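One file, target-v2.txt, is given below (compact mmCIF, C-alpha atoms and all ligand atoms).
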# COMPACT_ATOMS: atom_id res chain seq x y z
CA MET A 1 -30.19 90.42 -38.14
CA PRO A 2 -29.86 88.82 -41.60
CA ASP A 3 -31.26 85.30 -41.86
CA ILE A 4 -28.36 83.14 -43.10
CA TYR A 5 -30.84 80.59 -44.45
CA LEU A 6 -32.25 82.99 -47.06
CA TYR A 7 -30.93 84.25 -50.39
CA GLU A 8 -29.87 87.80 -49.66
CA GLY A 9 -32.63 90.36 -49.98
CA THR A 10 -35.35 87.71 -50.42
CA ASP A 11 -37.52 85.50 -48.22
CA VAL A 12 -36.57 82.39 -50.24
CA LEU A 13 -34.66 79.63 -48.45
CA LYS A 14 -31.30 78.74 -49.97
CA ASN A 15 -31.82 75.32 -51.51
CA LEU A 16 -29.97 72.52 -53.28
CA LEU A 17 -32.07 73.04 -56.41
CA GLY A 18 -30.93 76.67 -56.73
CA ILE A 19 -34.53 77.88 -57.00
CA ARG A 20 -34.87 81.57 -56.19
CA ASP A 21 -38.59 81.92 -56.71
CA GLY A 22 -40.62 81.29 -53.54
CA LYS A 23 -43.66 79.84 -55.25
CA LEU A 24 -41.57 77.48 -57.39
CA LEU A 25 -39.62 76.36 -54.34
CA ASN A 26 -42.84 75.60 -52.43
CA GLU A 27 -44.06 73.49 -55.35
CA ALA A 28 -40.77 71.61 -55.70
CA GLU A 29 -40.63 71.11 -51.94
CA ALA A 30 -44.16 69.70 -51.86
CA ASP A 31 -43.30 67.21 -54.64
CA TYR A 32 -40.05 65.95 -53.11
CA VAL A 33 -41.51 65.78 -49.61
CA THR A 34 -44.60 63.88 -50.76
CA TYR A 35 -42.32 61.32 -52.40
CA ARG A 36 -40.13 60.95 -49.29
CA LEU A 37 -43.15 60.72 -46.97
CA LYS A 38 -44.55 57.89 -49.10
CA GLU A 39 -41.23 56.06 -48.85
CA ILE A 40 -41.18 56.40 -45.06
CA ALA A 41 -44.80 55.25 -44.75
CA ILE A 42 -43.79 52.02 -46.52
CA ASN A 43 -40.32 51.64 -45.01
CA PRO A 44 -40.15 53.18 -41.52
CA LEU A 45 -36.91 54.96 -40.72
CA PRO A 46 -35.17 52.83 -38.07
CA GLY A 47 -34.12 54.42 -34.79
CA ALA A 48 -34.64 54.63 -31.05
CA TYR A 49 -37.16 57.53 -31.09
CA ASP A 50 -34.55 59.76 -29.47
CA TYR A 51 -33.26 63.17 -30.60
CA ASP A 52 -30.84 61.68 -33.11
CA HIS A 53 -33.71 59.75 -34.69
CA LEU A 54 -35.73 62.97 -35.01
CA LEU A 55 -32.77 64.64 -36.77
CA GLN A 56 -32.47 61.65 -39.10
CA MET A 57 -36.19 61.92 -39.92
CA HIS A 58 -35.81 65.56 -40.98
CA LYS A 59 -32.71 64.67 -42.96
CA TYR A 60 -34.54 61.95 -44.84
CA ILE A 61 -37.61 64.03 -45.64
CA PHE A 62 -35.69 67.17 -46.75
CA GLN A 63 -32.52 65.59 -48.19
CA ASP A 64 -33.35 66.72 -51.73
CA LEU A 65 -33.92 70.34 -50.74
CA TYR A 66 -31.70 71.75 -48.02
CA GLU A 67 -28.05 71.35 -47.15
CA TRP A 68 -29.01 71.69 -43.47
CA ALA A 69 -31.49 68.82 -43.57
CA GLY A 70 -31.11 66.92 -40.30
CA GLN A 71 -29.40 69.81 -38.50
CA GLN A 72 -30.93 71.86 -35.74
CA ARG A 73 -31.55 75.54 -36.47
CA LYS A 74 -28.87 78.10 -35.71
CA LEU A 75 -31.26 80.95 -34.91
CA ASN A 76 -34.28 81.62 -32.75
CA ILE A 77 -37.63 81.73 -34.49
CA PHE A 78 -40.71 83.85 -34.18
CA LYS A 79 -43.74 83.22 -36.40
CA GLU A 80 -46.72 85.54 -36.33
CA GLU A 81 -49.90 83.50 -35.93
CA PRO A 82 -53.14 85.08 -37.20
CA VAL A 83 -55.12 82.86 -34.80
CA LEU A 84 -53.14 84.38 -31.92
CA GLY A 85 -53.65 87.94 -33.13
CA GLY A 86 -50.10 88.04 -34.51
CA LEU A 87 -48.35 86.56 -31.48
CA SER A 88 -45.81 83.76 -31.86
CA ILE A 89 -45.70 80.44 -30.08
CA ASP A 90 -42.90 80.41 -27.54
CA TYR A 91 -40.61 78.01 -29.44
CA SER A 92 -37.56 76.54 -27.72
CA ASP A 93 -34.47 78.69 -27.52
CA MET A 94 -31.89 77.33 -29.99
CA PHE A 95 -29.55 76.36 -27.15
CA ASP A 96 -32.27 74.32 -25.42
CA ILE A 97 -33.27 72.24 -28.47
CA PRO A 98 -31.34 69.01 -27.69
CA LYS A 99 -32.30 69.01 -24.00
CA ASP A 100 -35.97 69.88 -24.64
CA SER A 101 -36.18 67.26 -27.40
CA GLU A 102 -34.65 64.47 -25.32
CA ARG A 103 -37.05 65.28 -22.48
CA ALA A 104 -40.20 65.34 -24.63
CA LEU A 105 -39.19 62.17 -26.48
CA ARG A 106 -38.31 60.31 -23.27
CA GLU A 107 -41.70 61.25 -21.86
CA MET A 108 -43.42 59.88 -24.98
CA ARG A 109 -41.44 56.62 -24.87
CA ASN A 110 -42.23 56.12 -21.18
CA LYS A 111 -46.00 56.33 -21.51
CA PRO A 112 -47.89 53.02 -20.97
CA TRP A 113 -49.35 52.92 -24.51
CA GLY A 114 -50.43 49.28 -24.23
CA ASN A 115 -52.75 50.00 -21.29
CA MET A 116 -54.82 52.85 -22.75
CA ASP A 117 -58.25 52.93 -24.35
CA THR A 118 -58.61 54.96 -27.57
CA HIS A 119 -59.59 58.18 -25.80
CA GLU A 120 -56.72 58.06 -23.31
CA ALA A 121 -54.29 57.19 -26.13
CA ALA A 122 -55.58 60.21 -28.09
CA LEU A 123 -55.03 62.52 -25.10
CA GLN A 124 -51.53 61.23 -24.49
CA PHE A 125 -50.50 61.15 -28.14
CA SER A 126 -51.79 64.71 -28.67
CA ASP A 127 -49.83 65.90 -25.67
CA SER A 128 -46.56 64.33 -26.84
CA LEU A 129 -47.04 65.48 -30.44
CA ALA A 130 -47.73 69.05 -29.27
CA LYS A 131 -44.76 69.13 -26.87
CA ILE A 132 -42.32 67.88 -29.50
CA TRP A 133 -43.75 70.31 -32.09
CA ARG A 134 -43.36 73.29 -29.70
CA ILE A 135 -39.59 72.81 -29.74
CA HIS A 136 -39.40 73.43 -33.52
CA PRO A 137 -35.83 72.11 -33.87
CA PHE A 138 -35.46 73.07 -37.54
CA ARG A 139 -35.43 76.24 -39.60
CA GLU A 140 -38.27 74.82 -41.71
CA GLY A 141 -40.26 71.60 -42.01
CA ASN A 142 -41.04 71.08 -38.34
CA THR A 143 -44.70 70.19 -38.71
CA ARG A 144 -44.16 67.55 -41.40
CA THR A 145 -41.20 66.05 -39.53
CA THR A 146 -42.91 65.96 -36.12
CA VAL A 147 -46.19 64.52 -37.42
CA THR A 148 -44.41 61.85 -39.47
CA PHE A 149 -42.05 60.95 -36.63
CA CYS A 150 -44.85 60.70 -34.05
CA CYS A 151 -47.10 58.70 -36.41
CA GLN A 152 -44.27 56.25 -37.03
CA TYR A 153 -43.80 55.96 -33.25
CA ALA A 154 -47.56 55.43 -32.84
CA ASP A 155 -47.40 52.58 -35.36
CA ALA A 156 -44.53 51.04 -33.40
CA VAL A 157 -46.65 50.96 -30.23
CA GLY A 158 -49.72 49.61 -32.03
CA LEU A 159 -51.88 52.74 -32.32
CA ASN A 160 -51.71 52.80 -36.13
CA PRO A 161 -53.20 56.26 -36.69
CA ASN A 162 -54.53 57.08 -40.14
CA ARG A 163 -51.79 59.38 -41.47
CA ASN A 164 -53.84 60.55 -44.45
CA LEU A 165 -56.07 62.46 -42.09
CA PHE A 166 -53.11 64.60 -40.98
CA GLU A 167 -51.86 65.10 -44.54
CA ASP A 168 -55.31 65.94 -45.93
CA ASN A 169 -55.99 68.43 -43.12
CA ALA A 170 -52.50 69.92 -42.80
CA GLN A 171 -53.71 73.47 -42.23
CA TYR A 172 -56.14 72.38 -39.51
CA VAL A 173 -53.39 70.32 -37.83
CA ARG A 174 -51.00 73.25 -37.77
CA THR A 175 -53.64 75.57 -36.31
CA ALA A 176 -54.58 72.88 -33.75
CA LEU A 177 -50.91 72.57 -32.71
CA VAL A 178 -50.74 76.35 -32.30
CA ALA A 179 -53.96 76.32 -30.23
CA TYR A 180 -52.64 73.51 -28.03
CA ASN A 181 -49.43 75.42 -27.32
CA ALA A 182 -50.88 78.88 -26.73
CA VAL A 183 -49.31 79.33 -23.31
CA PHE A 184 -47.47 82.59 -22.66
CA ASP A 185 -45.31 84.01 -19.89
CA ASP A 186 -47.15 87.33 -19.83
CA LEU A 187 -50.68 86.48 -21.04
CA GLY A 188 -51.02 83.14 -19.28
CA ASP A 189 -52.64 79.95 -20.50
CA LYS A 190 -54.73 80.54 -23.63
CA SER A 191 -54.44 76.96 -24.87
CA LYS A 192 -57.26 75.07 -26.54
CA PRO A 193 -56.21 71.41 -26.73
CA GLU A 194 -59.55 70.07 -27.97
CA TYR A 195 -58.94 70.68 -31.71
CA LEU A 196 -55.81 68.55 -31.81
CA ILE A 197 -57.32 65.85 -29.59
CA ARG A 198 -60.32 65.62 -31.92
CA ILE A 199 -58.32 64.89 -35.08
CA VAL A 200 -55.90 62.58 -33.25
CA GLU A 201 -58.79 60.56 -31.83
CA ASP A 202 -60.32 60.36 -35.32
CA ALA A 203 -56.98 59.23 -36.77
CA ILE A 204 -56.57 56.52 -34.13
CA SER A 205 -60.19 55.32 -34.40
CA ARG A 206 -59.97 55.16 -38.19
CA GLY A 207 -56.65 53.39 -38.16
CA ASN A 208 -56.33 49.65 -37.76
CA ARG A 209 -55.36 49.30 -34.14
CA SER A 210 -53.71 45.96 -33.44
N1 LIG B 301 -48.34 65.81 -42.31
C1 LIG B 301 -48.20 66.41 -43.51
N2 LIG B 301 -48.11 65.66 -44.63
C2 LIG B 301 -47.98 66.23 -45.84
N3 LIG B 301 -47.90 67.56 -46.05
C3 LIG B 301 -48.00 68.35 -44.99
C4 LIG B 301 -48.15 67.84 -43.66
N4 LIG B 301 -48.18 68.89 -42.81
C5 LIG B 301 -48.04 70.00 -43.57
N5 LIG B 301 -47.94 69.69 -44.88
C6 LIG B 301 -47.78 70.65 -46.00
O1 LIG B 301 -46.49 71.23 -45.92
C7 LIG B 301 -46.50 72.59 -46.34
C8 LIG B 301 -45.81 73.47 -45.30
O2 LIG B 301 -46.56 73.46 -44.13
P1 LIG B 301 -46.11 74.20 -42.82
O3 LIG B 301 -45.25 75.38 -43.15
O4 LIG B 301 -47.33 74.42 -41.98
O5 LIG B 301 -45.28 73.08 -42.06
P2 LIG B 301 -43.73 72.81 -41.98
O6 LIG B 301 -42.98 73.58 -43.01
O7 LIG B 301 -43.60 71.31 -42.02
O8 LIG B 301 -43.37 73.26 -40.51
P3 LIG B 301 -42.92 74.70 -39.96
O9 LIG B 301 -43.19 75.73 -41.04
O10 LIG B 301 -43.82 74.90 -38.78
O11 LIG B 301 -41.49 74.53 -39.63
C9 LIG B 301 -47.96 72.96 -46.55
O12 LIG B 301 -48.19 72.96 -47.93
C10 LIG B 301 -48.73 71.83 -45.89
O13 LIG B 301 -49.94 71.58 -46.56
MG MG B 302 -43.27 75.75 -43.09

Output the file's structure in the form of structure tokens.
Amino acid sequence: MPDIYLYEGTDVLKNLLGIRDGKLLNEAEADYVTYRLKEIAINPLPGAYDYDHLLQMHKYIFQDLYEWAGQQRKLNIFKEEPVLGGLSIDYSDMFDIPKDSERALREMRNKPWGNMDTHEAALQFSDSLAKIWRIHPFREGNTRTTVTFCCQYADAVGLNPNRNLFEDNAQYVRTALVAYNAVFDDLGDKSKPEYLIRIVEDAISRGNRS
């Protein structure tokens, strides 16, 4: 089936800049997103940490690039993961995205963040981050949106994780999210949560917890 998000016959996402070269688009995307992420780090995006807030976060970060910024994807996705021998994470079905998102976000908001030591907070934050990420609500930009959204939430509940650690180790974070979510219908539970927990605990310990 043709991917309506791509320029025909290419693997380049249709974009507001009209760029048809994949490498150029990646570079432009990185520049715009870095700028928007800096803005959000200084001025948090207001909201109730519900599904609508998550959509607004994506819209803000990708507003310069994609017409569909802030809109959930209109197709199912499959991404081959080298660390899973080419298998894909079992991302949410497109029709389940709002329901799955509301559930994962409600669970995060209902955790007793004020009563946890650093280790327990790291376990719980990793679990919520990984569950929200597994939904992958958008055609592109899920990792940056989820990490930014969850870090802003963590600030709001006083965890103040060091965001630079996630940005500076983006490839590790993505692989750690894949490892956390490696649970399959047919192959069973192959998950390895420890990689994500390790960097989250570092980020919380190196932040300035209030
Ligand atoms: N938290 C982050 N802050 C800044 N840049 C990031 C962050 N996470 C990933 N990146 C960068 O964004 C680019 C795209 O990364 P990647 O494709 O893994 O994530 P995504 O596009 O946000 O999510 P996905 O492709 O899973 O929908 C990479 O260059 C990566 O280094
Ligand atoms: Mg991507």

Select the residues contacting ligand MG 302 (chain B) at a distance of at most 10 Å, based on only C-alpha atoms and all ligand atoms, then format the selection as an mmCIF file with C-alpha atoms, in the frame of the given file.
data_model
loop_
_atom_site.group_PDB
_atom_site.id
_atom_site.type_symbol
_atom_site.label_atom_id
_atom_site.label_comp_id
_atom_site.auth_asym_id
_atom_site.auth_seq_id
_atom_site.Cartn_x
_atom_site.Cartn_y
_atom_site.Cartn_z
ATOM 1 C CA ASN A 26 -42.840 75.600 -52.430
ATOM 2 C CA PHE A 138 -35.460 73.070 -37.540
ATOM 3 C CA ARG A 139 -35.430 76.240 -39.600
ATOM 4 C CA GLU A 140 -38.270 74.820 -41.710
ATOM 5 C CA GLY A 141 -40.260 71.600 -42.010
ATOM 6 C CA ASN A 142 -41.040 71.080 -38.340
ATOM 7 C CA THR A 143 -44.700 70.190 -38.710
ATOM 8 C CA ARG A 144 -44.160 67.550 -41.400
ATOM 9 C CA ARG A 174 -51.000 73.250 -37.770
#

Point to revise | Contacts to ligand LIG 301 (chain B) at 9 Å cut-off (all atoms listed in the file) as a PyMOL selection string | key: chain A and resi 26-27+29-30+33-34+37+79+133+136-148+163-171+173-175

Val12 (chain A): which residues within 12 Å, counting only C-alpha atoms, same-chain residues fewer than 6 positions away excluded, as a JSON list (two decimals) with C-alpha atoms, in the coordinates of the input?
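Result saved to result.json:
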[["chain", "number", "residue", "atom", "x", "y", "z"],
["A", 3, "ASP", "CA", -31.26, 85.30, -41.86],
["A", 4, "ILE", "CA", -28.36, 83.14, -43.10],
["A", 5, "TYR", "CA", -30.84, 80.59, -44.45],
["A", 6, "LEU", "CA", -32.25, 82.99, -47.06],
["A", 18, "GLY", "CA", -30.93, 76.67, -56.73],
["A", 19, "ILE", "CA", -34.53, 77.88, -57.00],
["A", 20, "ARG", "CA", -34.87, 81.57, -56.19],
["A", 21, "ASP", "CA", -38.59, 81.92, -56.71],
["A", 22, "GLY", "CA", -40.62, 81.29, -53.54],
["A", 23, "LYS", "CA", -43.66, 79.84, -55.25],
["A", 24, "LEU", "CA", -41.57, 77.48, -57.39],
["A", 25, "LEU", "CA", -39.62, 76.36, -54.34],
["A", 26, "ASN", "CA", -42.84, 75.60, -52.43],
["A", 66, "TYR", "CA", -31.70, 71.75, -48.02],
["A", 140, "GLU", "CA", -38.27, 74.82, -41.71]]

**Study point:** Separation of CA of Ala179 (chain A) from CA of Leu75 (chain A), in Å and rounded to one decimal
**Key:** 23.6 Å

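Neighbouring residues of Gly47 (chain A) at 10 Å or closer, counting all atoms listed in the file and skipping chain neighbours under 6 positions away, are A:His53, A:Leu54, A:Gln56, A:Met57, A:Tyr153.
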
Based on the selection just made, write C-alpha atoms of those residues as a compact mmCIF listing (two decimals), keeping the file's coordinate frame.
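Final output, saved to again.txt:
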# COMPACT_ATOMS: atom_id res chain seq x y z
CA HIS A 53 -33.71 59.75 -34.69
CA LEU A 54 -35.73 62.97 -35.01
CA GLN A 56 -32.47 61.65 -39.10
CA MET A 57 -36.19 61.92 -39.92
CA TYR A 153 -43.80 55.96 -33.25

Enumerate, in order of chain and increasing residue number, the residues of region 35-152 of chain A with an atom no farther than 12 Å from region 187-190 of chain A, each with its shortest atom pair and distance in Å to one decimal, counting only C-alpha atoms, as CSV.
residue,atom,partner,partner_atom,distance
A:Val83,CA,A:Lys190,CA,11.4
A:Leu84,CA,A:Lys190,CA,9.3
A:Leu87,CA,A:Leu187,CA,10.7
A:Ile89,CA,A:Lys190,CA,11.1
A:Asp90,CA,A:Leu187,CA,11.8

Those residues with C-alpha atoms, as a short mmCIF file (atom, residue, chain, number, x, y, z; two decimals), in the coordinates of the input please?
data_model
loop_
_atom_site.label_atom_id
_atom_site.label_comp_id
_atom_site.auth_asym_id
_atom_site.auth_seq_id
_atom_site.Cartn_x
_atom_site.Cartn_y
_atom_site.Cartn_z
CA VAL A 83 -55.12 82.86 -34.80
CA LEU A 84 -53.14 84.38 -31.92
CA LEU A 87 -48.35 86.56 -31.48
CA ILE A 89 -45.70 80.44 -30.08
CA ASP A 90 -42.90 80.41 -27.54
#

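For the pair CA of Tyr51 (chain A) and CA of Ser101 (chain A), the interatomic distance is 6.0 Å.
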
Could region 117-144 of chain A be completed with N, CA and C atoms and written as a short mmCIF file (atom, residue, chain, number, x, y, z; two decimals), in the coordinates of the input, please?
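File written: part-v8.cif
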data_model
loop_
_atom_site.label_atom_id
_atom_site.label_comp_id
_atom_site.auth_asym_id
_atom_site.auth_seq_id
_atom_site.Cartn_x
_atom_site.Cartn_y
_atom_site.Cartn_z
N ASP A 117 -57.17 53.02 -23.36
CA ASP A 117 -58.25 52.93 -24.35
C ASP A 117 -58.02 54.03 -25.41
N THR A 118 -58.85 54.04 -26.44
CA THR A 118 -58.61 54.96 -27.57
C THR A 118 -58.60 56.42 -27.11
N HIS A 119 -59.51 56.78 -26.23
CA HIS A 119 -59.59 58.18 -25.80
C HIS A 119 -58.34 58.58 -25.03
N GLU A 120 -57.92 57.75 -24.10
CA GLU A 120 -56.72 58.06 -23.31
C GLU A 120 -55.49 58.12 -24.23
N ALA A 121 -55.41 57.18 -25.17
CA ALA A 121 -54.29 57.19 -26.13
C ALA A 121 -54.30 58.49 -26.94
N ALA A 122 -55.48 58.96 -27.31
CA ALA A 122 -55.58 60.21 -28.09
C ALA A 122 -55.11 61.40 -27.24
N LEU A 123 -55.49 61.43 -25.97
CA LEU A 123 -55.03 62.52 -25.10
C LEU A 123 -53.52 62.51 -24.96
N GLN A 124 -52.98 61.33 -24.73
CA GLN A 124 -51.53 61.23 -24.49
C GLN A 124 -50.72 61.46 -25.76
N PHE A 125 -51.22 60.95 -26.87
CA PHE A 125 -50.50 61.15 -28.14
C PHE A 125 -50.54 62.64 -28.53
N SER A 126 -51.68 63.28 -28.35
CA SER A 126 -51.79 64.71 -28.67
C SER A 126 -50.79 65.50 -27.84
N ASP A 127 -50.71 65.17 -26.57
CA ASP A 127 -49.83 65.90 -25.67
C ASP A 127 -48.36 65.75 -26.08
N SER A 128 -47.95 64.54 -26.42
CA SER A 128 -46.56 64.33 -26.84
C SER A 128 -46.28 65.01 -28.18
N LEU A 129 -47.21 64.84 -29.13
CA LEU A 129 -47.04 65.48 -30.44
C LEU A 129 -46.89 67.00 -30.27
N ALA A 130 -47.75 67.59 -29.45
CA ALA A 130 -47.73 69.05 -29.27
C ALA A 130 -46.44 69.50 -28.57
N LYS A 131 -45.98 68.73 -27.59
CA LYS A 131 -44.76 69.13 -26.87
C LYS A 131 -43.53 69.05 -27.78
N ILE A 132 -43.47 68.02 -28.59
CA ILE A 132 -42.32 67.88 -29.50
C ILE A 132 -42.38 69.00 -30.56
N TRP A 133 -43.57 69.27 -31.06
CA TRP A 133 -43.75 70.31 -32.09
C TRP A 133 -43.34 71.69 -31.56
N ARG A 134 -43.64 71.97 -30.28
CA ARG A 134 -43.36 73.29 -29.70
C ARG A 134 -41.86 73.62 -29.70
N ILE A 135 -41.04 72.59 -29.74
CA ILE A 135 -39.59 72.81 -29.74
C ILE A 135 -39.15 73.42 -31.08
N HIS A 136 -39.77 72.96 -32.17
CA HIS A 136 -39.40 73.43 -33.52
C HIS A 136 -37.88 73.40 -33.73
N PRO A 137 -37.30 72.21 -33.80
CA PRO A 137 -35.83 72.11 -33.87
C PRO A 137 -35.21 72.64 -35.16
N PHE A 138 -36.03 72.78 -36.22
CA PHE A 138 -35.46 73.07 -37.54
C PHE A 138 -35.88 74.45 -38.05
N ARG A 139 -35.11 74.95 -38.99
CA ARG A 139 -35.43 76.24 -39.60
C ARG A 139 -36.75 76.18 -40.36
N GLU A 140 -37.05 75.00 -40.92
CA GLU A 140 -38.27 74.82 -41.71
C GLU A 140 -38.60 73.33 -41.73
N GLY A 141 -39.88 73.01 -41.87
CA GLY A 141 -40.26 71.60 -42.01
C GLY A 141 -40.57 70.90 -40.70
N ASN A 142 -40.81 71.67 -39.66
CA ASN A 142 -41.04 71.08 -38.34
C ASN A 142 -42.35 70.30 -38.26
N THR A 143 -43.40 70.84 -38.85
CA THR A 143 -44.70 70.19 -38.71
C THR A 143 -44.69 68.84 -39.42
N ARG A 144 -44.19 68.81 -40.66
CA ARG A 144 -44.16 67.55 -41.40
C ARG A 144 -43.27 66.53 -40.70
#
